[in-house]
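Asker: My questions all concern the structure below.
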Amino acid sequence: MTTLTEATGEAAARETPARRRRRVDRLPYLLLLPCLAIIGVLLLWPLGQVVMMSFYKLDSVRQLRGDREWPWVGLANYAQILGDPFFRTVLRNTVLFAVANVVLTMILGTLVGLLLNRLGKKMATFVASCVMLAWATPALTGTIVWKWIFDDTSGLVTWLFNKLPDGLSTALFGRSDWTGYGWFNDPLLFFGILTLVVVWHSFPFIAVSVLAGLKSVPSELQEAARVDGAGPWRVFWSVTFPMLRPVFGILVVLSTIWDFKVFTQQFVLAGGTQDRSTFMLSIYSYAEAFSPPPKYGLGSAIAVILTLILLVVTGVYVRMVLRQEDES
Amino acid sequence: MKKIALNGAGLLVALFAAFPVYWMVATSLKPNKEIFSATPRPVPAEPTLEHYREILTGNLIPGVTFTDFFLNSALVAVATVLLSGLVALLAATAVARFRFKLRTTFLILLLVVQMIPLEALVIPLFLMIQRLGLYNTLPSLILTYLGFSLPFAVWMLRGFVAAVPKELEEAAAIDGASRAQTFRKVLFPLVAPGLVATSIFSFITAWNELIFALTFVNDQHKYTLPVAMTFFFGRDDTAWGSVMAASTLFTLPVVVFFLLVQRRMVSGLVAGAVKG
């Protein structure tokens with residue numbers, strides 16, 4: 001049957017055949033047991049719990065500790081959220097942000113991947129190392145640095161805008177003195193900077209994956225197309241892209257999942273959960289549940305909605321991976 | 001001409017990617033008068049370690065130093081790594097070495113649970129932590145991060161176990177080694193490098209995590225570094241030198257570890273997407 005079964009033939013010879021078979025069959029399950037227990041208790045059980053909690057009115061920690069009863073409210077939490085115009089704003093923010101970030105990350109990542117493939121060896125190593133640095137930087141500190149770059153008094157961007165000729169600056173933006181300008185106050189500008197931070201963090205993964213994909217397919221086809229007079233645009237869409245379609249598929253799905261639930265960057269950039277105008281689903285759920293007054297039931301309902309959206313995306317992803325495991 | 005354009009583009013990309021990291025380190029080494037001067041200097045003119053001295057010796061909050069937070073974070077991350085490494089090794093061995101009925105089901109389960117949005121689990125896990133009486137303790141975080149890092153660890157480790165030739169184990173068994181001995185003396189040493197790589201990912205997961213640490217621990221003495229940083233950072237917006245020094249110290253271990261294992265990250269995440 002399997003190696004270890006055969007391998008232990010000698011030891012097993014001391015046992016009766018029936019006992020041996022039972023032991024052999026049980027061993028893999030025994031090895032899986034701790035892992036399954038942890039996944040079950042720490043991931044699947046809470047996933048069920050969050051659905052259950054979304055049907056209750058839970059407004060105090062005492063209820064969570066079990067000191068007070070849980071009033072069942074059915075779908076009232078969902079009705080309250082879906083009827084709230086603010087929820088629609090949050091949903092719109094989340095979807096627009098995710099789409100914009102996935103598109104920008106994919107474009108920049110792919111371009112950098114293609115570029116790395118064309119550069120000379122030394123240059124490629126240098127650029128790849130720098131790109132890797134952005135990837136390795138934790139979301140927390142990466143965001144803090146960008147916040148410093150956009151600081152309203154000594155930040156680099158404020159200094160750059162102050163450097164613009166006063167006339168030009170006034171004509172373009174209606175102001176020449178940028179000291180004290182709150183870069184994070186206008187929601188649109190906030191989302192712009194958040195996009196910059198998230199794209200900066202996530203394009204390296206796309207670039208490196210695209211590069212790995214390019215290295216694994218023969219480059220003769222692209223060269224042949226180039227010799228036949230196809231421009232870079234044509235070569236990419238007619239030759240490179242079709243070959244790497246599976247890679248792109250997975251990258252788009254993974255990026256979508258990641259960008260839908262951005263939390264740390266937003267939390268740090270906004271300095272907490274006070275600024276409701278820039279809420280997206282994950283931070284909205286968190287703020288409803290944990291900002292006083294706590295509303296755990298309502299927060300759970302929002303978390304369930306977020307999960308359902310991601311479930312659809314995940315379904316697509318798992319089907320892709322399984323199809324490719326079958327093929328290879 | 002074309003080569004120049006390509007190299008130029010390469011330099012721009014490198015600048016965009018690396019500049020924030022450079023700026024973090026550069027700012028941390030500047031004296032305050034350079035940080036807050038009207039004309040920023042690209043390179044510190046009079047580099048100083050004063051900000052590092054400040055955060056390492058001073059109390060961020062009365063009675064608690066940066067080192068305390070650093071140790072809290074390290075404790076949580078190391079405990080997570082050890083537990084998740086052990087459990088993942090057992091599970092990976094099961095999946096890579098045995099054919100059993102529920103094997104494929106288990107692999108699909110691993111894939112699916114990796115896609116659960118962890119942000120959606122803050123509330124139910126908060127409930128669990130409250131019920132278990134673990135609120136305000138570091139084990140609440142170890143437990144949480146164990147759950148988060150395990151699926152990817154098993155997924156990654158199964159490849160390393162499968163890569164060890166079965167013949168070696170067979171040979172050991174023929175020489176009379178027991179199953180436990182074979183595991184300990186043959187399989188384990190050969191899988192060790194893979195275990196190290198996997199552990200680094202678990203470490204980074206635990207080290208970087210902010211939301212759960214923010215929610216499950218209320219006592220300032222038990223803050224992990226990310227929570228302490230947001231606290232520290234939120235309180236005094238103008239101490240950019242110290243903030244950047246703290247950020248540098250926080251980032252350093254992650255970058256070093258990450259660069260050691262990044263290759264496997266790509267192959268782990270897009271496994272099977274390209275036929276090599």
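Chain lettering (A, B, ...) mirrors the order of the structure tokens, residue numbering begins at 1 for each chain separately, and ligand numbering begins at 1 in order of display.
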Starting from chain A, keep only residues with some atom at most 7 Å from an atom of chain B, counting only C-alpha atoms, and report them as a PyMOL selection string.

Answerer: chain A and resi 2-3+7-8+28+31-32+34-35+38-39+42-43+46-47+49-50+64-65+119+127+130-131+133-134+136-138+141+145-146+154+200+209+213+216+246-247+264+271+282+296+300+303+307+314+324-325+328

Asker: Could you dump the residues just selected with C-alpha atoms as an mmCIF file, in the first residue's frame?

Answerer:
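The file below, result-v3.cif, is the result:
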data_model
loop_
_atom_site.group_PDB
_atom_site.id
_atom_site.type_symbol
_atom_site.label_atom_id
_atom_site.label_comp_id
_atom_site.auth_asym_id
_atom_site.auth_seq_id
_atom_site.Cartn_x
_atom_site.Cartn_y
_atom_site.Cartn_z
ATOM 1 C CA THR A 2 2.191 2.846 1.148
ATOM 2 C CA THR A 3 5.825 3.123 2.008
ATOM 3 C CA ALA A 7 8.558 -0.309 5.718
ATOM 4 C CA THR A 8 7.312 -1.437 9.070
ATOM 5 C CA PRO A 28 -2.846 9.014 8.897
ATOM 6 C CA LEU A 31 -1.510 12.432 12.381
ATOM 7 C CA LEU A 32 -4.220 14.712 11.002
ATOM 8 C CA PRO A 34 -4.387 17.886 15.875
ATOM 9 C CA CYS A 35 -4.495 19.847 12.636
ATOM 10 C CA ILE A 38 -7.285 23.346 15.363
ATOM 11 C CA ILE A 39 -8.856 24.192 12.009
ATOM 12 C CA LEU A 42 -10.267 28.140 15.495
ATOM 13 C CA LEU A 43 -11.557 28.657 11.955
ATOM 14 C CA PRO A 46 -16.004 30.754 14.648
ATOM 15 C CA LEU A 47 -17.254 30.950 11.074
ATOM 16 C CA GLN A 49 -20.548 31.409 15.346
ATOM 17 C CA VAL A 50 -20.418 34.663 13.418
ATOM 18 C CA LEU A 64 -20.545 37.389 25.418
ATOM 19 C CA ARG A 65 -19.293 36.084 28.761
ATOM 20 C CA LEU A 119 16.518 43.638 -18.246
ATOM 21 C CA VAL A 127 15.404 45.990 -9.439
ATOM 22 C CA CYS A 130 14.200 46.640 -4.429
ATOM 23 C CA VAL A 131 10.773 45.294 -5.396
ATOM 24 C CA LEU A 133 11.876 45.089 -0.171
ATOM 25 C CA ALA A 134 8.442 46.660 -0.707
ATOM 26 C CA ALA A 136 8.675 42.263 2.682
ATOM 27 C CA THR A 137 7.791 45.449 4.536
ATOM 28 C CA PRO A 138 4.956 44.783 7.012
ATOM 29 C CA THR A 141 5.273 50.033 9.022
ATOM 30 C CA VAL A 145 6.125 55.577 6.363
ATOM 31 C CA TRP A 146 3.671 56.660 3.682
ATOM 32 C CA SER A 154 7.499 68.205 7.140
ATOM 33 C CA TRP A 200 2.901 49.596 -3.427
ATOM 34 C CA SER A 209 4.698 35.683 -10.151
ATOM 35 C CA GLY A 213 5.493 32.460 -15.345
ATOM 36 C CA SER A 216 8.705 28.864 -17.394
ATOM 37 C CA PRO A 246 -3.887 30.422 -15.747
ATOM 38 C CA VAL A 247 -1.357 32.480 -13.794
ATOM 39 C CA THR A 264 -4.417 47.389 8.612
ATOM 40 C CA GLY A 271 -5.681 56.716 12.658
ATOM 41 C CA SER A 282 -14.094 45.033 7.081
ATOM 42 C CA TYR A 296 -21.576 42.608 18.221
ATOM 43 C CA SER A 300 -21.420 40.028 12.818
ATOM 44 C CA ALA A 303 -18.947 40.288 8.584
ATOM 45 C CA THR A 307 -17.778 36.626 3.841
ATOM 46 C CA THR A 314 -13.183 31.925 -3.477
ATOM 47 C CA GLN A 324 -4.755 22.958 -12.691
ATOM 48 C CA GLU A 325 -3.859 20.238 -10.184
ATOM 49 C CA SER A 328 -0.443 18.774 -14.132
#

Asker: Going by DSSP on the backbone, which bits of region 25-82 of chain B are strand (DSSP E or B)? Write them as an MDAnalysis selection string, please.

Answerer: chainID B and resid 59:61 64:65

Asker: Would you mind telling me which residue in A:Thr158, A:Gln266, A:Ser54, A:Ser60 lies nearest to Trp72 (chain A) when using only C-alpha atoms?

Answerer: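 Selected residue with least distance to Trp72 (chain A): A:Ser54.
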
Asker: May I have the residues within 10 Å of Asp186 (chain A) as a VMD selection string, using only C-alpha atoms and disregarding those fewer than 5 positions away in the same chain?

Answerer: chain A and resid 191 to 192 277 to 278

Asker: Would you save the residues from that selection as a PDB file, in the first residue's frame, using N, CA and C atoms?

Answerer:
ATOM      1  N   PHE A 191      -8.720  57.850  -0.242  1.00  0.00           N
ATOM      2  CA  PHE A 191      -8.742  56.581  -0.975  1.00  0.00           C
ATOM      3  C   PHE A 191      -7.619  56.523  -2.002  1.00  0.00           C
ATOM      4  N   GLY A 192      -7.276  57.691  -2.561  1.00  0.00           N
ATOM      5  CA  GLY A 192      -6.165  57.731  -3.511  1.00  0.00           C
ATOM      6  C   GLY A 192      -4.865  57.317  -2.846  1.00  0.00           C
ATOM      7  N   SER A 277     -16.457  58.334   6.962  1.00  0.00           N
ATOM      8  CA  SER A 277     -16.626  58.602   5.532  1.00  0.00           C
ATOM      9  C   SER A 277     -15.711  57.729   4.676  1.00  0.00           C
ATOM     10  N   THR A 278     -14.676  57.135   5.291  1.00  0.00           N
ATOM     11  CA  THR A 278     -13.772  56.307   4.499  1.00  0.00           C
ATOM     12  C   THR A 278     -13.920  54.823   4.834  1.00  0.00           C
TER      13      THR A 278
END

Asker: Please report the interatomic distance between CA of Leu115 (chain A) and CA of Ile257 (chain A) in Å with one decimal.

Answerer: 26.1 Å

Asker: Pick the closest to Arg245 (chain A) from A:Val51, A:Ala76, A:Val313, A:Met320: which is it, counting only C-alpha atoms?

Answerer: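 Counting only C-alpha atoms, the residue closest to Arg245 (chain A) is A:Met320.
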
Asker: Would you list the contacts of region 49-55 of chain B as a list of chain:residue names, taking every protein, DNA or RNA residue within 7 Å and counting only C-alpha atoms, but skipping same-chain residues closer than 3 positions in sequence?

Answerer: B:Ser28, B:Leu29, B:Gly58, B:Phe66, B:Gly241, B:Ser242, B:Ala245

Asker: Could you dump the residues just selected with C-alpha atoms as an mmCIF file, in the first residue's frame?

Answerer:
data_model
loop_
_atom_site.group_PDB
_atom_site.id
_atom_site.type_symbol
_atom_site.label_atom_id
_atom_site.label_comp_id
_atom_site.auth_asym_id
_atom_site.auth_seq_id
_atom_site.Cartn_x
_atom_site.Cartn_y
_atom_site.Cartn_z
ATOM 1 C CA SER B 28 15.368 57.377 11.863
ATOM 2 C CA LEU B 29 19.024 58.444 11.639
ATOM 3 C CA GLY B 58 12.817 55.590 27.502
ATOM 4 C CA PHE B 66 10.025 49.239 23.663
ATOM 5 C CA GLY B 241 12.305 60.321 14.353
ATOM 6 C CA SER B 242 11.302 57.890 17.107
ATOM 7 C CA ALA B 245 13.342 54.201 14.517
#
